[in-house]
Structures are given as C-alpha cells and as structure tokens.
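As provided, target.tsv (TSV, C-alpha atoms) reads as follows.
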```tsv
chain	number	residue	atom	x	y	z
A	175	MET	CA	109.25	30.03	52.43
A	176	THR	CA	108.39	30.35	56.06
A	177	GLN	CA	109.62	32.93	58.52
A	178	ARG	CA	111.75	30.28	60.21
A	179	MET	CA	113.37	29.28	56.93
A	180	ASN	CA	114.15	32.91	56.15
A	181	ALA	CA	115.78	33.28	59.55
A	182	VAL	CA	117.98	30.25	58.84
A	183	LEU	CA	118.98	31.54	55.40
A	184	GLU	CA	119.69	35.00	56.81
A	185	ALA	CA	121.90	33.50	59.49
A	186	LEU	CA	123.72	31.51	56.78
A	187	ALA	CA	124.17	34.54	54.52
A	188	SER	CA	125.89	36.49	57.28
A	189	ASN	CA	127.65	33.46	58.79
A	190	ARG	CA	125.82	33.90	62.11
A	191	TYR	CA	125.91	30.24	63.08
A	192	GLN	CA	125.55	31.12	66.75
A	193	ASP	CA	121.94	32.15	65.96
A	194	LEU	CA	121.26	28.62	64.67
A	195	LEU	CA	122.72	27.10	67.85
A	196	ASP	CA	120.77	29.46	70.10
A	197	ALA	CA	117.52	28.47	68.39
A	198	ILE	CA	117.87	25.00	69.96
A	199	PRO	CA	116.87	25.21	73.64
A	200	TYR	CA	119.03	22.27	74.82
A	201	VAL	CA	122.08	23.61	72.97
A	202	ARG	CA	121.52	27.08	74.45
A	203	HIS	CA	121.16	25.46	77.88
A	204	LEU	CA	124.47	23.62	77.45
A	205	GLY	CA	126.05	26.89	76.30
A	206	ILE	CA	127.65	25.56	73.09
A	207	ARG	CA	129.42	28.34	71.15
A	208	VAL	CA	130.65	28.50	67.57
A	209	GLU	CA	134.01	30.23	67.25
A	210	GLY	CA	135.67	31.99	64.33
A	211	GLU	CA	132.45	32.62	62.40
A	212	GLN	CA	134.10	35.10	60.06
A	213	ASP	CA	136.15	32.31	58.47
A	214	ALA	CA	133.22	29.96	58.13
A	215	ARG	CA	133.12	30.06	54.34
A	216	LYS	CA	136.71	28.98	54.01
A	217	SER	CA	137.12	26.52	56.82
A	218	THR	CA	135.33	24.19	59.11
A	219	LEU	CA	133.58	25.64	62.13
A	220	LEU	CA	135.08	25.33	65.60
A	221	PHE	CA	132.60	24.46	68.37
A	222	HIS	CA	133.22	25.23	72.02
A	223	LEU	CA	131.50	23.80	75.11
A	224	PRO	CA	132.43	25.85	78.19
A	225	PHE	CA	132.68	23.85	81.42
A	226	ARG	CA	129.90	24.17	84.01
A	227	ASN	CA	129.19	21.95	87.02
A	228	GLU	CA	125.83	20.93	85.47
A	229	ILE	CA	127.51	18.98	82.65
A	230	ILE	CA	129.30	16.55	84.99
A	231	GLY	CA	128.36	12.90	84.61
A	232	ASN	CA	130.70	11.26	87.13
A	233	PRO	CA	131.08	13.41	90.25
A	234	MET	CA	133.58	10.99	91.79
A	235	LEU	CA	136.31	11.16	89.12
A	236	PRO	CA	135.06	13.84	88.20
A	237	ALA	CA	134.29	13.57	84.48
A	238	LEU	CA	131.83	15.12	82.04
A	239	HIS	CA	128.56	13.36	81.15
A	240	GLY	CA	128.91	11.17	78.07
A	241	GLY	CA	125.58	12.52	76.86
A	242	VAL	CA	126.86	16.09	76.94
A	243	VAL	CA	129.97	15.20	74.93
A	244	GLY	CA	127.63	13.37	72.52
A	245	ALA	CA	125.35	16.40	72.32
A	246	LEU	CA	128.31	18.66	71.46
A	247	LEU	CA	129.49	16.33	68.68
A	248	GLU	CA	125.98	15.74	67.33
A	249	THR	CA	125.18	19.45	67.28
A	250	ALA	CA	128.52	20.19	65.62
A	251	SER	CA	127.81	17.66	62.85
A	252	MET	CA	124.41	19.18	62.16
A	253	ILE	CA	125.50	22.82	62.09
A	254	GLN	CA	128.59	21.97	60.01
A	255	VAL	CA	126.38	20.25	57.42
A	256	ILE	CA	124.14	23.32	57.29
A	257	ALA	CA	127.23	25.50	56.84
A	258	SER	CA	128.72	23.25	54.14
A	259	GLU	CA	125.42	22.75	52.31
A	260	ARG	CA	124.60	26.48	52.11
A	261	GLN	CA	121.20	25.74	50.61
A	262	SER	CA	117.76	25.48	52.01
A	263	ARG	CA	117.99	21.73	52.60
A	264	MET	CA	118.16	20.82	56.27
A	265	PRO	CA	119.84	17.84	57.92
A	266	ARG	CA	118.02	15.30	60.07
A	267	LEU	CA	120.09	12.80	62.03
A	268	ILE	CA	119.72	9.17	61.01
A	269	ASP	CA	122.37	7.64	63.23
A	270	PHE	CA	125.17	8.82	65.42
A	271	SER	CA	128.06	6.86	66.93
A	272	VAL	CA	130.59	8.06	69.50
A	273	ASP	CA	133.91	6.46	70.48
A	274	TYR	CA	135.05	7.67	73.88
A	275	LEU	CA	138.86	7.68	73.83
A	276	ARG	CA	139.75	9.43	77.07
A	277	SER	CA	137.94	10.49	80.20
A	278	ALA	CA	136.41	13.95	79.66
A	279	ARG	CA	137.84	16.11	82.44
A	280	THR	CA	136.01	19.01	84.04
A	281	LYS	CA	137.30	21.50	81.49
A	282	ASP	CA	136.12	23.17	78.29
A	283	CYS	CA	135.64	20.94	75.22
A	284	TRP	CA	136.24	21.77	71.56
A	285	ALA	CA	134.92	20.03	68.47
A	286	GLU	CA	135.55	20.15	64.74
A	287	CYS	CA	133.91	18.24	61.89
A	288	ASN	CA	135.05	16.72	58.65
A	289	VAL	CA	132.25	16.37	56.12
A	290	VAL	CA	133.36	13.07	54.62
A	291	ARG	CA	130.69	12.95	51.91
A	292	MET	CA	127.92	15.30	50.91
A	293	GLY	CA	125.65	13.17	48.75
A	294	SER	CA	122.44	14.06	46.97
A	295	SER	CA	120.37	13.06	49.98
A	296	ILE	CA	122.77	11.80	52.66
A	297	ALA	CA	125.68	13.50	54.40
A	298	ALA	CA	128.38	11.54	56.23
A	299	VAL	CA	130.33	13.48	58.86
A	300	SER	CA	133.13	12.62	61.25
A	301	VAL	CA	133.65	14.76	64.35
A	302	ARG	CA	136.56	15.12	66.74
A	303	CYS	CA	136.44	16.43	70.32
A	304	TRP	CA	139.40	17.51	72.46
A	305	GLN	CA	140.13	19.48	75.61
A	306	ASP	CA	143.65	20.86	76.26
A	307	ASP	CA	145.52	19.11	73.48
A	308	GLU	CA	144.08	19.06	69.97
A	309	THR	CA	146.29	16.09	69.09
A	310	ALA	CA	144.84	14.02	71.98
A	311	PRO	CA	141.10	13.76	71.21
A	312	ILE	CA	138.81	12.66	74.07
A	313	ALA	CA	136.15	11.39	71.64
A	314	THR	CA	135.48	10.89	67.96
A	315	ALA	CA	132.08	10.42	66.36
A	316	ARG	CA	130.45	9.87	63.02
A	317	ALA	CA	127.00	10.72	61.87
A	318	HIS	CA	124.72	10.11	58.91
A	319	LEU	CA	122.30	12.90	58.17
A	320	LEU	CA	119.36	12.97	55.79
A	321	LEU	CA	119.13	16.19	53.78
A	322	VAL	CA	115.52	17.22	53.77
A	323	GLU	CA	114.02	19.48	51.14
A	324	PRO	CA	111.66	21.89	52.85
A	325	MET	CA	108.11	21.46	51.53
A	326	PRO	CA	106.13	24.54	50.52
A	327	GLN	CA	103.35	25.47	52.92
A	328	GLN	CA	100.66	25.11	50.27
A	329	HIS	CA	101.63	21.54	49.42
A	330	GLY	CA	98.57	19.45	48.72
A	331	GLY	CA	99.40	16.61	51.09
A	332	LEU	CA	100.24	16.77	54.77
A	333	PRO	CA	100.86	20.25	56.18
A	334	MET	CA	104.63	19.83	56.34
A	335	LYS	CA	106.93	22.44	57.78
A	336	PRO	CA	110.64	22.79	57.08
A	337	GLN	CA	112.40	20.85	59.79
A	338	PRO	CA	115.83	22.32	60.41
A	339	PHE	CA	116.65	20.65	63.70
A	340	ASP	CA	114.39	17.65	63.78
A	341	ILE	CA	115.80	14.25	64.33
B	120	MET	CA	141.65	25.88	87.50
B	121	THR	CA	138.21	24.34	87.92
B	122	LYS	CA	137.09	23.16	91.31
B	123	PRO	CA	135.89	19.52	91.30
B	124	TYR	CA	132.19	19.19	91.91
B	125	HIS	CA	131.14	16.89	94.72
B	126	PRO	CA	127.43	17.20	95.51
B	127	ALA	CA	126.24	15.96	98.87
B	128	GLY	CA	125.28	12.28	98.85
B	129	SER	CA	127.28	11.35	95.78
B	130	SER	CA	128.83	8.44	97.61
B	131	LEU	CA	127.09	5.23	96.69
B	132	GLU	CA	128.07	3.46	99.87
B	133	LYS	CA	126.63	6.24	101.97
B	134	THR	CA	123.40	6.05	99.98
B	135	CYS	CA	123.09	2.29	100.27
B	136	LYS	CA	123.76	2.30	103.99
B	137	ALA	CA	121.06	4.90	104.55
B	138	GLU	CA	118.47	2.87	102.61
B	139	PRO	CA	119.59	-0.75	102.86
B	140	ASN	CA	116.28	-2.21	101.69
B	141	SER	CA	115.53	0.09	98.81
B	142	ALA	CA	117.72	-0.42	95.77
B	143	ILE	CA	115.48	1.81	93.66
B	144	HIS	CA	115.69	4.60	96.23
B	145	ALA	CA	119.49	4.27	96.26
B	146	ALA	CA	119.59	4.31	92.46
B	147	ARG	CA	117.44	7.45	92.36
B	148	GLN	CA	119.71	9.17	94.84
B	149	PHE	CA	122.74	8.03	92.88
B	150	SER	CA	121.23	9.34	89.63
B	151	ASN	CA	120.33	12.66	91.24
B	152	ALA	CA	123.93	13.01	92.40
B	153	VAL	CA	124.99	12.92	88.73
B	154	PRO	CA	124.82	16.66	87.97
B	155	HIS	CA	123.69	16.37	84.35
B	156	ASN	CA	121.04	13.72	85.11
B	157	PHE	CA	119.67	16.08	87.76
B	158	ASP	CA	120.01	19.08	85.42
B	159	LEU	CA	117.85	17.43	82.75
B	160	GLY	CA	115.45	15.94	85.32
B	161	MET	CA	116.03	12.23	84.63
B	162	ILE	CA	114.43	9.79	87.07
B	163	VAL	CA	115.14	6.08	87.62
B	164	GLU	CA	111.74	4.52	86.98
B	165	SER	CA	112.44	0.85	87.66
B	166	MET	CA	115.28	-1.66	87.81
B	167	SER	CA	115.94	-5.36	87.55
B	168	SER	CA	119.09	-7.46	87.88
B	169	THR	CA	120.26	-6.52	84.38
B	170	ALA	CA	118.08	-3.63	83.27
B	171	ALA	CA	116.98	-0.11	84.16
B	172	VAL	CA	114.18	2.13	82.96
B	173	MET	CA	114.76	5.88	83.15
B	174	ARG	CA	112.19	8.60	82.61
B	175	LEU	CA	112.85	12.04	81.17
B	176	PRO	CA	109.85	14.22	82.05
B	177	TYR	CA	109.01	16.68	79.28
B	178	ARG	CA	110.32	20.23	79.60
B	179	ASN	CA	110.54	22.98	76.97
B	180	ILE	CA	114.32	22.84	77.17
B	181	LEU	CA	114.19	19.49	75.32
B	182	MET	CA	112.64	20.98	72.16
B	183	GLY	CA	114.57	20.73	68.90
B	184	ASP	CA	113.80	24.27	67.93
B	185	SER	CA	111.94	27.01	69.72
B	186	GLU	CA	109.26	26.92	67.00
B	187	LYS	CA	109.10	23.20	66.33
B	188	ASP	CA	107.13	20.25	67.57
B	189	TRP	CA	109.98	17.74	67.84
B	190	LEU	CA	112.40	16.90	70.60
B	191	TYR	CA	116.09	17.62	70.04
B	192	SER	CA	117.96	14.42	69.21
B	193	SER	CA	120.77	14.98	71.72
B	194	THR	CA	118.33	14.86	74.62
B	195	LEU	CA	117.49	11.28	73.58
B	196	TYR	CA	121.20	10.55	73.33
B	197	SER	CA	121.86	11.88	76.85
B	198	LEU	CA	118.99	9.80	78.21
B	199	ALA	CA	120.26	6.67	76.43
B	200	ASP	CA	123.75	7.21	77.83
B	201	ALA	CA	122.45	7.63	81.39
B	202	ALA	CA	120.04	4.66	81.22
B	203	SER	CA	122.64	2.35	79.66
B	204	GLY	CA	125.13	3.22	82.39
B	205	MET	CA	122.46	2.54	85.02
B	206	ALA	CA	121.76	-0.88	83.45
B	207	VAL	CA	125.46	-1.70	83.74
B	208	PHE	CA	125.38	-0.76	87.44
B	209	CYS	CA	122.38	-3.09	87.83
B	210	ALA	CA	124.27	-5.95	86.16
B	211	LEU	CA	127.44	-5.31	88.17
B	212	ASN	CA	125.43	-4.97	91.37
B	213	GLU	CA	127.98	-2.50	92.66
B	214	LEU	CA	128.75	1.14	92.05
B	215	THR	CA	132.24	0.80	90.68
B	216	SER	CA	133.53	3.39	88.26
B	217	ILE	CA	132.63	2.51	84.66
B	218	ALA	CA	133.66	4.18	81.40
B	219	THR	CA	131.64	4.35	78.19
B	220	LEU	CA	133.73	3.02	75.32
B	221	ASP	CA	131.22	3.45	72.55
B	222	MET	CA	127.59	4.52	72.18
B	223	ARG	CA	125.66	4.41	68.93
B	224	ILE	CA	122.13	5.65	68.48
B	225	ASP	CA	119.73	5.14	65.58
B	226	TYR	CA	117.01	7.76	65.36
B	227	LEU	CA	114.09	5.74	64.07
B	228	ARG	CA	111.63	8.59	63.87
B	229	PRO	CA	111.14	12.23	64.94
B	230	THR	CA	109.91	12.38	68.52
B	231	PRO	CA	106.98	14.69	69.27
B	232	ILE	CA	107.30	17.12	72.17
B	233	GLY	CA	105.02	17.39	75.18
B	234	ARG	CA	105.24	13.85	76.55
B	235	ASP	CA	107.66	12.08	78.89
B	236	LEU	CA	110.34	9.85	77.39
B	237	LEU	CA	111.21	6.43	78.74
B	238	ALA	CA	114.52	4.65	78.13
B	239	ASN	CA	114.59	0.90	78.68
B	240	ALA	CA	118.23	-0.21	78.90
B	241	THR	CA	119.54	-3.76	79.30
B	242	CYS	CA	123.02	-5.02	79.99
B	243	TYR	CA	122.65	-8.26	78.01
B	244	ARG	CA	126.27	-9.35	78.22
B	245	LEU	CA	128.81	-8.81	80.99
B	246	THR	CA	132.35	-10.14	80.85
B	247	ARG	CA	134.98	-9.64	83.53
B	248	GLN	CA	135.93	-6.27	82.11
B	249	VAL	CA	133.37	-5.24	79.48
B	250	ALA	CA	129.60	-4.68	79.49
B	251	PHE	CA	127.36	-4.63	76.38
B	252	THR	CA	124.09	-2.70	76.43
B	253	ARG	CA	121.02	-2.02	74.35
B	254	CYS	CA	118.53	0.73	75.02
B	255	SER	CA	115.21	1.58	73.42
B	256	ILE	CA	113.62	4.98	73.82
B	257	TYR	CA	109.92	5.59	73.46
B	258	LEU	CA	107.20	7.96	74.62
B	259	ALA	CA	105.57	7.05	77.91
B	260	ASP	CA	102.14	6.53	76.35
B	261	ASP	CA	103.16	5.09	73.00
B	262	ASP	CA	104.54	1.70	71.99
B	263	GLU	CA	106.40	2.92	68.89
B	264	ILE	CA	110.16	3.10	69.50
B	265	CYS	CA	111.77	6.48	68.74
B	266	ALA	CA	115.44	5.51	69.01
B	267	ILE	CA	117.66	2.52	69.73
B	268	ALA	CA	121.09	2.84	71.29
B	269	THR	CA	123.79	0.20	71.66
B	270	GLY	CA	126.81	0.69	73.87
B	271	THR	CA	129.91	-0.87	75.34
B	272	PHE	CA	131.37	-0.03	78.74
B	273	TYR	CA	134.69	-0.77	80.40
B	274	CYS	CA	134.26	-1.92	83.99
B	275	GLY	CA	137.58	-3.56	84.65
B	276	LYS	CA	138.45	-2.87	88.25
B	277	ARG	CA	135.47	-4.45	89.99
B	278	SER	CA	135.50	-6.63	93.05
B	279	ALA	CA	132.99	-9.30	91.89
B	280	THR	CA	133.75	-11.58	88.96
B	281	HIS	CA	130.27	-12.78	87.93
B	282	THR	CA	129.41	-12.57	84.24
B	283	ILE	CA	126.21	-12.51	82.14
B	284	LYS	CA	125.91	-14.51	78.95
B	285	ALA	CA	123.91	-13.25	75.98
B	286	LYS	CA	121.29	-15.86	75.15
B	287	ARG	CA	119.71	-16.07	71.73
B	288	ASP	CA	116.21	-15.36	72.95
B	289	SER	CA	117.10	-12.62	75.42
B	290	ILE	CA	117.82	-9.81	72.98
```

Please rewrite the model in this file as structure tokens.
Amino acid sequence: MTQRMNAVLEALASNRYQDLLDAIPYVRHLGIRVEGEQDARKSTLLFHLPFRNEIIGNPMLPALHGGVVGALLETASMIQVIASERQSRMPRLIDFSVDYLRSARTKDCWAECNVVRMGSSIAAVSVRCWQDDETAPIATARAHLLLVEPMPQQHGGLPMKPQPFDI
Amino acid sequence: MTKPYHPAGSSLEKTCKAEPNSAIHAARQFSNAVPHNFDLGMIVESMSSTAAVMRLPYRNILMGDSEKDWLYSSTLYSLADAASGMAVFCALNELTSIATLDMRIDYLRPTPIGRDLLANATCYRLTRQVAFTRCSIYLADDDEICAIATGTFYCGKRSATHTIKAKRDSI
C-alpha cells in the first residue's frame, strides 16, 4: 500500500472528497467543488463548478467552453465511482459521451451522477449538469470506467503503481 | 449578476480584416480570444479546408494527479472539443456561431506527461445545418493514438449553403 493509496483511503474514510478533487491539478485549476460531503455515504455527491471568465468557450454569446462542462461531468463520474465503490479499486475512464442540451451560460454549473451499474470490473455512470434550474439540464453524459485493482509495489512484473486518476 | 466577458479582438471579422492573407494567423487569434483555449495554452498548429490540428503544449496543470505520470483525461477532452470546433469553422469557411450537440471520446490508452499533445480534427460531413467531426489525439513525437473523439455540431444559421459529403475512403 503506497502513501498515495493511503491518502485516498483516508479521504474516503472521512468523506473528504474535496481532497481527491484537489489532488488533480486541472480540476483544482477549474475550481470544481464537492458539496454536502457529510451526506456522502447516504446520497450521491453534488459537484459545483463556480463561474470564472477563464472557462468561457464562446465569448460572443457568451457561453462556457464545452470542454469545461465535459471536464466537470467526467470528474464527477470518476469521484462518484470512488465514493460508491468505497474500496481500494480505482476507476480509469474508458469512454465518455456528452449530450449538450442547452447553451451553458456564464454562471455556476452543478452536476450529479447516477451509478447505473457497478460491475465486477466495469462501472457505468450517467451524469447530469444544470445551472439555475435542476429540472432543465444543460448537458447529460455517460461514462464507462474500468475498475483497476492496485498492484502491490513488490509485484514481480512491471513496477506498477496504483492509478487513481489515470485515464 | 455576471458581467459578460469580451476580450479584445474576439471579433472574427476584425481579425480577418487585419490579416486578410493569413487564415492561420486569424485562426490563432480567434482561438486565443476563446478564454479557455487561451487559459490552457492551446495553439492552432495547421489548417486545411476541412481539418484543423491543435497543439496543447505540456504544462504541469495537465497532470492527472500531482504524483502521477499520466495526463488527466479531461484535458484531452477539452482539446478534442476545441479542435473539432475549429475543424467545423474550417469546413464552414466562416466564423458563424456553432453549438456542440454531442461529443464522445474513447480513451485508448493512458497518456504520459511531459510532451505536447496534438489533436487532428476533421469535419468529414457537412450538411446545411449539421457538421460531423472526428478527432484523434496523440503525442507530438509519437504515432500511437491516445484518444479518439467524434462529435456533431449544429451550425444552422449560416450564410453559405455548401455541403461536404463523407466519402468511403476519406474517413
């Protein structure tokens, strides 16, 4: 068990999902927050992307960058799988598909996941993103994630590390 | 209430008038005027009548984890989204407002950090109102593809009416 793995498990044990988000430089840069961590065991996590000028993709409308909305939904799917799994296995994204339903205005975004299936090695997740009105989503997405068993450091083959946030 | 963000030079027409003979220069200026493209450091590398190549120079901010040797997947997604949109602009040959309808990415392999990423996006089919794109992402010095993205865009209110047909050997 590596130091990194311990940090992940510690964060899980105390429901500090923000620590997992902050460990990813791009996610920290975007400023994605996880809200309502105290209820994480019972419910799905709520993810929050605060608006900043740097996340605009169309300055003329203006509208948010499709990549940023994608990054929020992708990150949400990964962290939600970690939260639902509650073991040492870590998700790696296989594929990710976003439907853009409405123009993303220059406002805060929110996202919530539904873990559709947690299989023995694959997780299927659907994600929803909205701004002012939760009943009027601006985007939906689905993701397939591979659940990777972390390999011990002393494994005879390749020197593999646990890979919590790899693709 | 958030103030709309309008960086200087965001107008395409202004850009094209200033550099009438340099489409690539205009495209770079246009891309730089997109705040998040500029924020991540994306650069338009080359263009053709239906395709665009965008480069994402390596920075530590793109890492998947502060202790890991892989890029974070969403940075590839953002690059694919930007490059695919740029390919649609190339195919349209005008800077009309377009909207992404759908973008799907397959992560074919983990992408090592430390090297620039290139995204090669093609608009292989253009109808009057819809554009279809494909984009492959790979490391600048490596021929193994890291991710493939396919997208559809709505581009309904454009002035020109030319279309592009998908031919069996072109994709």

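Relative to atom CA of Ile256 of chain B, atom CA of Glu323 of chain A is found at 26.9 Å.
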
Distance-based interface of chain A with chain B, 7 Å, counting only C-alpha atoms, as JSON, numbers by chain: {"A": [197, 198, 199, 200, 227, 228, 229, 230, 231, 232, 233, 236, 239, 240, 241, 242, 245, 248, 267, 268, 269, 270, 271, 272, 273, 274, 280, 339, 340, 341]}

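From atom CA of Ala278 of chain A back to atom CA of Gln305 of chain A, the distance works out to 7.8 Å.
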
Leu223 of chain A surroundings by only C-alpha atoms, 7 Å radius, close-in-sequence under 3 positions cut, as a PDB file with C-alpha atoms, keeping the file's coordinate frame:
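Now in result_6.pdb:
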```
ATOM      1  CA  GLY A 205     126.050  26.890  76.300  1.00  0.00           C
ATOM      2  CA  ILE A 206     127.650  25.560  73.090  1.00  0.00           C
ATOM      3  CA  ARG A 207     129.420  28.340  71.150  1.00  0.00           C
ATOM      4  CA  ASP A 282     136.120  23.170  78.290  1.00  0.00           C
ATOM      5  CA  CYS A 283     135.640  20.940  75.220  1.00  0.00           C
ATOM      6  CA  TRP A 284     136.240  21.770  71.560  1.00  0.00           C
TER       7      TRP A 284
END
```

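The gap separating atom CA of Ala238 of chain B from atom CA of Ile264 of chain B is 9.8 Å, in Å to one decimal.
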
Surrounding residues of Gly293 of chain A excluding itself and chain neighbours under 4 positions, 9 Å, only C-alpha atoms, as JSON, numbers by chain: {"A": [297, 298, 321]}

Taking all atoms of segment 154-170 of chain B that the file lists and extending 3 Å past them on each side, where is the centre of the axis-aligned box and how long are its edges? Answer in Å to one decimal, as AutoDock Vina command-line options.
```
--center_x 118.3 --center_y 5.8 --center_z 85.4 --size_x 19.1 --size_y 32.5 --size_z 11.2
```

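Among the candidates A:Leu220, A:Val289, A:Val322, A:Ala237, the one nearest to Cys303 of chain A when counting all atoms listed in the file is A:Leu220.
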
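Each of A:Leu235, A:Arg226, A:Ile256, A:Ser294 was compared to Ala185 of chain A using only C-alpha atoms, and A:Ile256 turns out to be the nearest.
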